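Here is the file target-v7.cif (mmCIF, C-alpha atoms).
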```cif
data_final
loop_
_atom_site.group_PDB
_atom_site.id
_atom_site.type_symbol
_atom_site.label_atom_id
_atom_site.label_comp_id
_atom_site.auth_asym_id
_atom_site.auth_seq_id
_atom_site.Cartn_x
_atom_site.Cartn_y
_atom_site.Cartn_z
ATOM 1 C CA MET A 1 202.253 131.074 113.058
ATOM 2 C CA GLU A 2 202.169 127.388 112.275
ATOM 3 C CA ALA A 3 198.737 125.758 112.306
ATOM 4 C CA PHE A 4 198.144 123.116 114.971
ATOM 5 C CA THR A 5 195.778 120.254 114.268
ATOM 6 C CA THR A 6 197.157 117.052 115.773
ATOM 7 C CA HIS A 7 200.569 116.305 117.212
ATOM 8 C CA THR A 8 202.042 112.982 118.249
ATOM 9 C CA GLY A 9 205.339 112.833 120.061
ATOM 10 C CA ARG A 10 207.203 111.603 123.078
ATOM 11 C CA ALA A 11 206.452 113.309 126.371
ATOM 12 C CA VAL A 12 208.651 114.751 129.093
ATOM 13 C CA PRO A 13 207.362 114.383 132.669
ATOM 14 C CA LEU A 14 208.047 117.564 134.634
ATOM 15 C CA ARG A 15 207.018 116.639 138.172
ATOM 16 C CA ARG A 16 207.104 120.141 139.579
ATOM 17 C CA SER A 17 204.262 122.412 140.595
ATOM 18 C CA ASN A 18 203.999 126.206 140.592
ATOM 19 C CA VAL A 19 206.628 126.651 137.886
ATOM 20 C CA ASP A 20 206.923 130.381 137.269
ATOM 21 C CA THR A 21 208.045 132.121 134.114
ATOM 22 C CA ASP A 22 211.381 133.109 135.666
ATOM 23 C CA GLN A 23 212.119 129.413 136.165
ATOM 24 C CA ILE A 24 211.042 128.711 132.588
ATOM 25 C CA ILE A 25 213.304 131.468 131.185
ATOM 26 C CA PRO A 26 215.414 133.634 133.543
ATOM 27 C CA ALA A 27 215.164 137.414 133.173
ATOM 28 C CA HIS A 28 218.683 137.877 131.793
ATOM 29 C CA TRP A 29 217.526 136.110 128.615
ATOM 30 C CA LEU A 30 214.926 138.784 127.923
ATOM 31 C CA LYS A 31 217.296 141.189 126.183
ATOM 32 C CA LYS A 32 216.717 139.638 122.780
ATOM 33 C CA VAL A 33 214.113 141.164 120.504
ATOM 34 C CA THR A 34 213.599 138.138 118.279
ATOM 35 C CA ARG A 35 211.456 135.088 119.006
ATOM 36 C CA ASP A 36 214.196 132.536 118.483
ATOM 37 C CA GLY A 37 217.319 131.338 120.239
ATOM 38 C CA PHE A 38 215.793 130.886 123.712
ATOM 39 C CA GLU A 39 216.131 127.091 123.890
ATOM 40 C CA ASP A 40 219.403 127.259 125.821
ATOM 41 C CA GLY A 41 217.748 129.404 128.491
ATOM 42 C CA LEU A 42 214.798 127.062 129.028
ATOM 43 C CA PHE A 43 214.848 125.963 132.688
ATOM 44 C CA GLU A 44 218.448 127.205 132.752
ATOM 45 C CA ALA A 45 219.003 126.900 136.513
ATOM 46 C CA TRP A 46 217.457 123.429 136.743
ATOM 47 C CA ARG A 47 219.396 122.136 133.740
ATOM 48 C CA LYS A 48 222.612 122.593 135.743
ATOM 49 C CA ASP A 49 221.413 119.576 137.744
ATOM 50 C CA PRO A 50 222.406 116.418 135.815
ATOM 51 C CA GLU A 51 219.342 114.664 137.265
ATOM 52 C CA PHE A 52 216.912 117.213 135.800
ATOM 53 C CA VAL A 53 214.491 115.517 133.431
ATOM 54 C CA LEU A 54 215.541 117.535 130.356
ATOM 55 C CA ASN A 55 219.088 116.235 130.849
ATOM 56 C CA ALA A 56 217.960 112.603 130.711
ATOM 57 C CA ALA A 57 218.913 110.987 127.413
ATOM 58 C CA GLU A 58 215.641 109.072 127.249
ATOM 59 C CA TYR A 59 213.644 112.291 127.097
ATOM 60 C CA LYS A 60 215.739 114.055 124.439
ATOM 61 C CA GLY A 61 213.530 115.105 121.568
ATOM 62 C CA GLY A 62 210.335 115.066 123.623
ATOM 63 C CA THR A 63 207.732 117.417 122.188
ATOM 64 C CA VAL A 64 204.947 117.229 124.775
ATOM 65 C CA LEU A 65 205.667 118.599 128.240
ATOM 66 C CA VAL A 66 203.547 117.084 130.999
ATOM 67 C CA ALA A 67 203.855 119.537 133.881
ATOM 68 C CA GLY A 68 202.569 119.861 137.412
ATOM 69 C CA PRO A 69 199.780 122.218 138.489
ATOM 70 C CA ASP A 70 200.109 126.009 138.267
ATOM 71 C CA PHE A 71 202.482 126.045 135.326
ATOM 72 C CA GLY A 72 203.525 129.479 134.027
ATOM 73 C CA THR A 73 202.815 131.599 137.098
ATOM 74 C CA GLY A 74 204.644 134.850 137.802
ATOM 75 C CA SER A 75 205.419 137.623 135.371
ATOM 76 C CA SER A 76 203.949 137.862 131.925
ATOM 77 C CA ARG A 77 206.706 137.118 129.472
ATOM 78 C CA GLU A 78 206.164 135.707 126.037
ATOM 79 C CA HIS A 79 209.797 134.615 126.112
ATOM 80 C CA ALA A 80 208.720 131.683 128.302
ATOM 81 C CA VAL A 81 206.475 130.460 125.504
ATOM 82 C CA TRP A 82 209.144 131.049 122.877
ATOM 83 C CA ALA A 83 211.727 129.140 124.970
ATOM 84 C CA LEU A 84 209.422 126.117 125.174
ATOM 85 C CA GLN A 85 208.738 126.293 121.434
ATOM 86 C CA ASN A 86 212.395 126.848 120.533
ATOM 87 C CA TYR A 87 213.299 123.765 122.562
ATOM 88 C CA GLY A 88 210.813 121.768 120.500
ATOM 89 C CA PHE A 89 207.693 121.535 122.626
ATOM 90 C CA LYS A 90 204.437 121.655 120.663
ATOM 91 C CA ALA A 91 202.078 121.252 123.612
ATOM 92 C CA VAL A 92 202.116 121.503 127.396
ATOM 93 C CA ILE A 93 199.724 119.487 129.525
ATOM 94 C CA SER A 94 198.951 120.481 133.108
ATOM 95 C CA SER A 95 196.041 120.439 135.511
ATOM 96 C CA ARG A 96 196.249 124.224 135.910
ATOM 97 C CA PHE A 97 197.971 127.097 134.081
ATOM 98 C CA ALA A 98 198.439 130.735 134.994
ATOM 99 C CA ASP A 99 195.944 132.703 132.887
ATOM 100 C CA ILE A 100 198.445 135.116 131.318
ATOM 101 C CA PHE A 101 200.879 132.348 130.413
ATOM 102 C CA ARG A 102 198.072 130.338 128.849
ATOM 103 C CA GLY A 103 196.898 133.353 126.860
ATOM 104 C CA ASN A 104 200.441 134.040 125.635
ATOM 105 C CA SER A 105 200.852 130.386 124.687
ATOM 106 C CA LEU A 106 197.676 130.147 122.669
ATOM 107 C CA LYS A 107 198.411 133.429 120.860
ATOM 108 C CA ASN A 108 201.859 132.139 119.916
ATOM 109 C CA GLY A 109 200.855 128.670 118.749
ATOM 110 C CA LEU A 110 201.793 126.604 121.813
ATOM 111 C CA LEU A 111 198.808 124.452 122.758
ATOM 112 C CA THR A 112 198.196 124.298 126.497
ATOM 113 C CA VAL A 113 195.915 121.467 127.537
ATOM 114 C CA VAL A 114 194.194 121.341 130.904
ATOM 115 C CA LEU A 115 193.509 117.829 132.164
ATOM 116 C CA PRO A 116 192.516 116.575 135.618
ATOM 117 C CA GLN A 117 195.523 115.926 137.866
ATOM 118 C CA GLU A 118 194.597 112.220 137.960
ATOM 119 C CA THR A 119 195.091 112.066 134.183
ATOM 120 C CA VAL A 120 198.365 113.979 134.429
ATOM 121 C CA ASP A 121 199.476 111.435 137.065
ATOM 122 C CA ARG A 122 198.637 108.588 134.670
ATOM 123 C CA LEU A 123 200.591 110.258 131.853
ATOM 124 C CA TRP A 124 203.593 110.727 134.166
ATOM 125 C CA LYS A 125 203.515 107.044 135.141
ATOM 126 C CA LEU A 126 203.204 105.966 131.506
ATOM 127 C CA VAL A 127 206.125 108.014 130.169
ATOM 128 C CA GLU A 128 208.324 107.281 133.181
ATOM 129 C CA ALA A 129 207.748 103.547 132.662
ATOM 130 C CA ASP A 130 208.274 103.866 128.916
ATOM 131 C CA PRO A 131 210.014 107.081 127.787
ATOM 132 C CA ALA A 132 209.404 106.057 124.154
ATOM 133 C CA ALA A 133 205.634 106.077 124.690
ATOM 134 C CA GLU A 134 203.898 108.464 122.344
ATOM 135 C CA VAL A 135 201.267 110.968 123.352
ATOM 136 C CA THR A 136 198.845 112.416 120.821
ATOM 137 C CA VAL A 137 197.353 115.841 121.354
ATOM 138 C CA ASP A 138 194.434 116.154 118.962
ATOM 139 C CA LEU A 139 193.053 119.671 118.719
ATOM 140 C CA VAL A 140 190.509 118.706 116.069
ATOM 141 C CA ASP A 141 188.816 116.221 118.409
ATOM 142 C CA ARG A 142 189.978 118.002 121.607
ATOM 143 C CA GLN A 143 191.476 114.841 122.962
ATOM 144 C CA VAL A 144 194.747 113.557 124.430
ATOM 145 C CA ARG A 145 195.534 109.932 123.688
ATOM 146 C CA ALA A 146 198.267 107.606 124.874
ATOM 147 C CA GLU A 147 198.439 103.906 125.587
ATOM 148 C CA GLY A 148 195.498 103.157 127.876
ATOM 149 C CA ILE A 149 194.590 106.843 128.197
ATOM 150 C CA THR A 150 191.969 108.856 126.330
ATOM 151 C CA ALA A 151 191.087 112.223 127.797
ATOM 152 C CA ASP A 152 188.888 114.952 126.368
ATOM 153 C CA PHE A 153 189.805 118.574 126.993
ATOM 154 C CA GLU A 154 188.078 121.899 126.596
ATOM 155 C CA LEU A 155 189.412 124.968 124.848
ATOM 156 C CA ASP A 156 187.847 128.315 124.064
ATOM 157 C CA GLU A 157 186.405 128.094 120.535
ATOM 158 C CA ASN A 158 188.156 131.260 119.318
ATOM 159 C CA ALA A 159 191.560 130.077 120.556
ATOM 160 C CA ARG A 160 190.952 126.664 118.970
ATOM 161 C CA TRP A 161 190.009 128.226 115.615
ATOM 162 C CA ARG A 162 193.074 130.494 115.635
ATOM 163 C CA LEU A 163 195.376 127.531 116.357
ATOM 164 C CA LEU A 164 193.736 125.337 113.733
ATOM 165 C CA GLU A 165 194.073 128.136 111.158
ATOM 166 C CA GLY A 166 197.546 129.213 112.327
ATOM 167 C CA LEU A 167 196.446 132.806 112.859
ATOM 168 C CA ASP A 168 198.129 135.170 115.301
ATOM 169 C CA ASP A 169 197.073 138.792 115.932
ATOM 170 C CA ILE A 170 199.180 140.126 113.059
ATOM 171 C CA SER A 171 197.984 137.608 110.506
ATOM 172 C CA LEU A 172 194.377 138.253 111.568
ATOM 173 C CA THR A 173 194.912 141.950 110.864
ATOM 174 C CA LEU A 174 196.668 141.284 107.558
ATOM 175 C CA ARG A 175 193.631 139.302 106.388
ATOM 176 C CA GLU A 176 191.856 142.676 106.312
ATOM 177 C CA ASP A 177 194.586 144.404 104.299
ATOM 178 C CA GLU A 178 192.289 145.325 101.393
ATOM 179 C CA SER A 179 189.601 146.683 103.711
ATOM 180 C CA ILE A 180 192.181 148.749 105.596
ATOM 181 C CA ALA A 181 193.565 150.148 102.327
ATOM 182 C CA ALA A 182 190.055 150.982 101.100
ATOM 183 C CA TYR A 183 189.252 152.736 104.380
ATOM 184 C CA GLU A 184 192.488 154.726 104.225
ATOM 185 C CA ALA A 185 191.712 155.770 100.634
ATOM 186 C CA ARG A 186 188.328 157.198 101.737
ATOM 187 C CA ARG A 187 189.672 159.207 104.678
ATOM 188 C CA PRO A 188 189.953 162.972 104.231
ATOM 189 C CA SER A 189 193.520 164.054 103.501
ATOM 190 C CA PHE A 190 193.702 166.310 106.597
ATOM 191 C CA LYS A 191 193.328 163.296 108.944
ATOM 192 C CA PRO A 192 196.260 161.115 109.988
ATOM 193 C CA SER A 193 196.871 158.191 107.661
ATOM 194 C CA THR A 194 198.956 155.046 107.494
ATOM 195 C CA VAL A 195 202.120 155.542 105.479
ATOM 196 C CA GLU A 196 204.094 152.625 104.076
ATOM 197 C CA VAL A 197 207.748 152.648 105.097
#
```
Encoding of this model in structure tokens:
Amino acid sequence: MEAFTTHTGRAVPLRRSNVDTDQIIPAHWLKKVTRDGFEDGLFEAWRKDPEFVLNAAEYKGGTVLVAGPDFGTGSSREHAVWALQNYGFKAVISSRFADIFRGNSLKNGLLTVVLPQETVDRLWKLVEADPAAEVTVDLVDRQVRAEGITADFELDENARWRLLEGLDDISLTLREDESIAAYEARRPSFKPSTVEV
């Protein structure tokens, strides 16, 4: 997974609350077994509305999604995270996330930032007044910055370290490859062992 340190980009204001994972990526998109190609399914039903914010030319290429409270509720599906990433989002800011969605996001390299709703309101006003306004999400300093706005955020230290290092569960395990091989070499031959395919 790609390491995340600091990202600066334009933001997309998603003024909707209680956005569930089925709204983020409908269930019929879940047949794929790869992590890519979900961008067309992101908010599929809402994107049929020409007034939906992702259809607005001024927000094309936005990489920071500023969402309403309770983002990512509903079923646990990593596809929702992959759809946001495939579309180009590097970070999502909200005043409240569903726990499972947030866990899936952080394990897959999508930074979810919790800020007070008042700060989210200020970010919405800023990017709606100036869609070219840039928002910086700084994981090193745990801070979100935009014109006239500086907001600190908290993040579990382990999740922060994994994002800064670009380590997912698989890469964490692979860091112990030599230790695993040494352990397997010491195991008695009558016990089950890992076989390379």
Which protein, DNA or RNA residues have an atom at most 10 Å from (209.1, 126.2, 119.0), counting all atoms listed in the file? List them as a short mmCIF file (atom, residue, chain, number, x, y, z; two decimals) with C-alpha atoms, keeping the file's coordinate frame.
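Contents of the output file point26.cif:
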```cif
data_model
loop_
_atom_site.label_atom_id
_atom_site.label_comp_id
_atom_site.auth_asym_id
_atom_site.auth_seq_id
_atom_site.Cartn_x
_atom_site.Cartn_y
_atom_site.Cartn_z
CA GLU A 2 202.17 127.39 112.28
CA ARG A 35 211.46 135.09 119.01
CA ASP A 36 214.20 132.54 118.48
CA GLY A 37 217.32 131.34 120.24
CA PHE A 38 215.79 130.89 123.71
CA GLU A 39 216.13 127.09 123.89
CA THR A 63 207.73 117.42 122.19
CA VAL A 81 206.48 130.46 125.50
CA TRP A 82 209.14 131.05 122.88
CA ALA A 83 211.73 129.14 124.97
CA LEU A 84 209.42 126.12 125.17
CA GLN A 85 208.74 126.29 121.43
CA ASN A 86 212.40 126.85 120.53
CA TYR A 87 213.30 123.76 122.56
CA GLY A 88 210.81 121.77 120.50
CA PHE A 89 207.69 121.54 122.63
CA LYS A 90 204.44 121.66 120.66
CA ALA A 91 202.08 121.25 123.61
CA ASN A 108 201.86 132.14 119.92
CA GLY A 109 200.86 128.67 118.75
CA LEU A 110 201.79 126.60 121.81
#
```
Calculate how many Å separate CA of Gly62 in chain A from CA of Leu139 in chain A, rounding to one decimal.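 Spanning CA of Gly62 in chain A to CA of Leu139 in chain A is a straight-line distance of 18.5 Å.
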Write out as a PyMOL selection string which residues come within 10 Å of range 69-77 of chain A when counting only C-alpha atoms, dropping same-chain ones fewer than 2 positions away. chain A and resi 15-25+27+30+66-67+79-82+92-105+112+114-117+120
For each of A:Leu174, A:Leu14, A:Glu147, A:Met1, take the minimum atom-to-atom distance to Glu51 in chain A, counting only C-alpha atoms, then give the residue where this is smallest.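 The shortest atom-to-atom distance to Glu51 in chain A comes from A:Leu14.
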Work out how far CA of Val64 in chain A is from CA of Ala3 in chain A, in Å to one decimal.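 Computing the Euclidean distance for CA of Ala3 in chain A and CA of Val64 in chain A yields 16.3 Å.
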Can you list what the PyMOL selection byres ((chain A and resi 154-168) around 6) grabs from this structure, as a list in words? Met1, Glu2, Ala3, Phe4, Thr5, Lys107, Phe153, Asp169, Ile170, Ser171 and Leu172 of chain A
From the set A:Ser179, A:Thr173, A:Gln143, A:Thr194, which residue has the shortest atom-to-atom contact distance to Thr6 in chain A, counting all atoms listed in the file?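 Looking only at the distances to Thr6 in chain A, the closest residue turns out to be A:Gln143.
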If you take every atom of range 126-134 of chain A that the file lists and fit an axis-aligned box around them with 6 Å extra on each side, what centre and edge lengths come out in Å to one decimal, as JSON?
```
{"center_x": 206.6, "center_y": 106.0, "center_z": 127.8, "size_x": 18.8, "size_y": 16.9, "size_z": 22.8}
```
Taking the file as shown, find all residues satisfying the PyMOL selection byres ((chain A and resi 131) around 10) and write them as a ChimeraX atom specification. /A:10-13,57-60,62,124-130,132-134
Atom-to-atom span, CA of Arg142 in chain A and CA of Gly68 in chain A, Å: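 Separation between CA of Arg142 in chain A and CA of Gly68 in chain A: 20.3 Å.
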Residues near Ser193 in chain A, cut-off 12 Å, only C-alpha atoms, skip fewer than 5 positions along chain, as a VMD selection string: chain A and resid 180 to 188
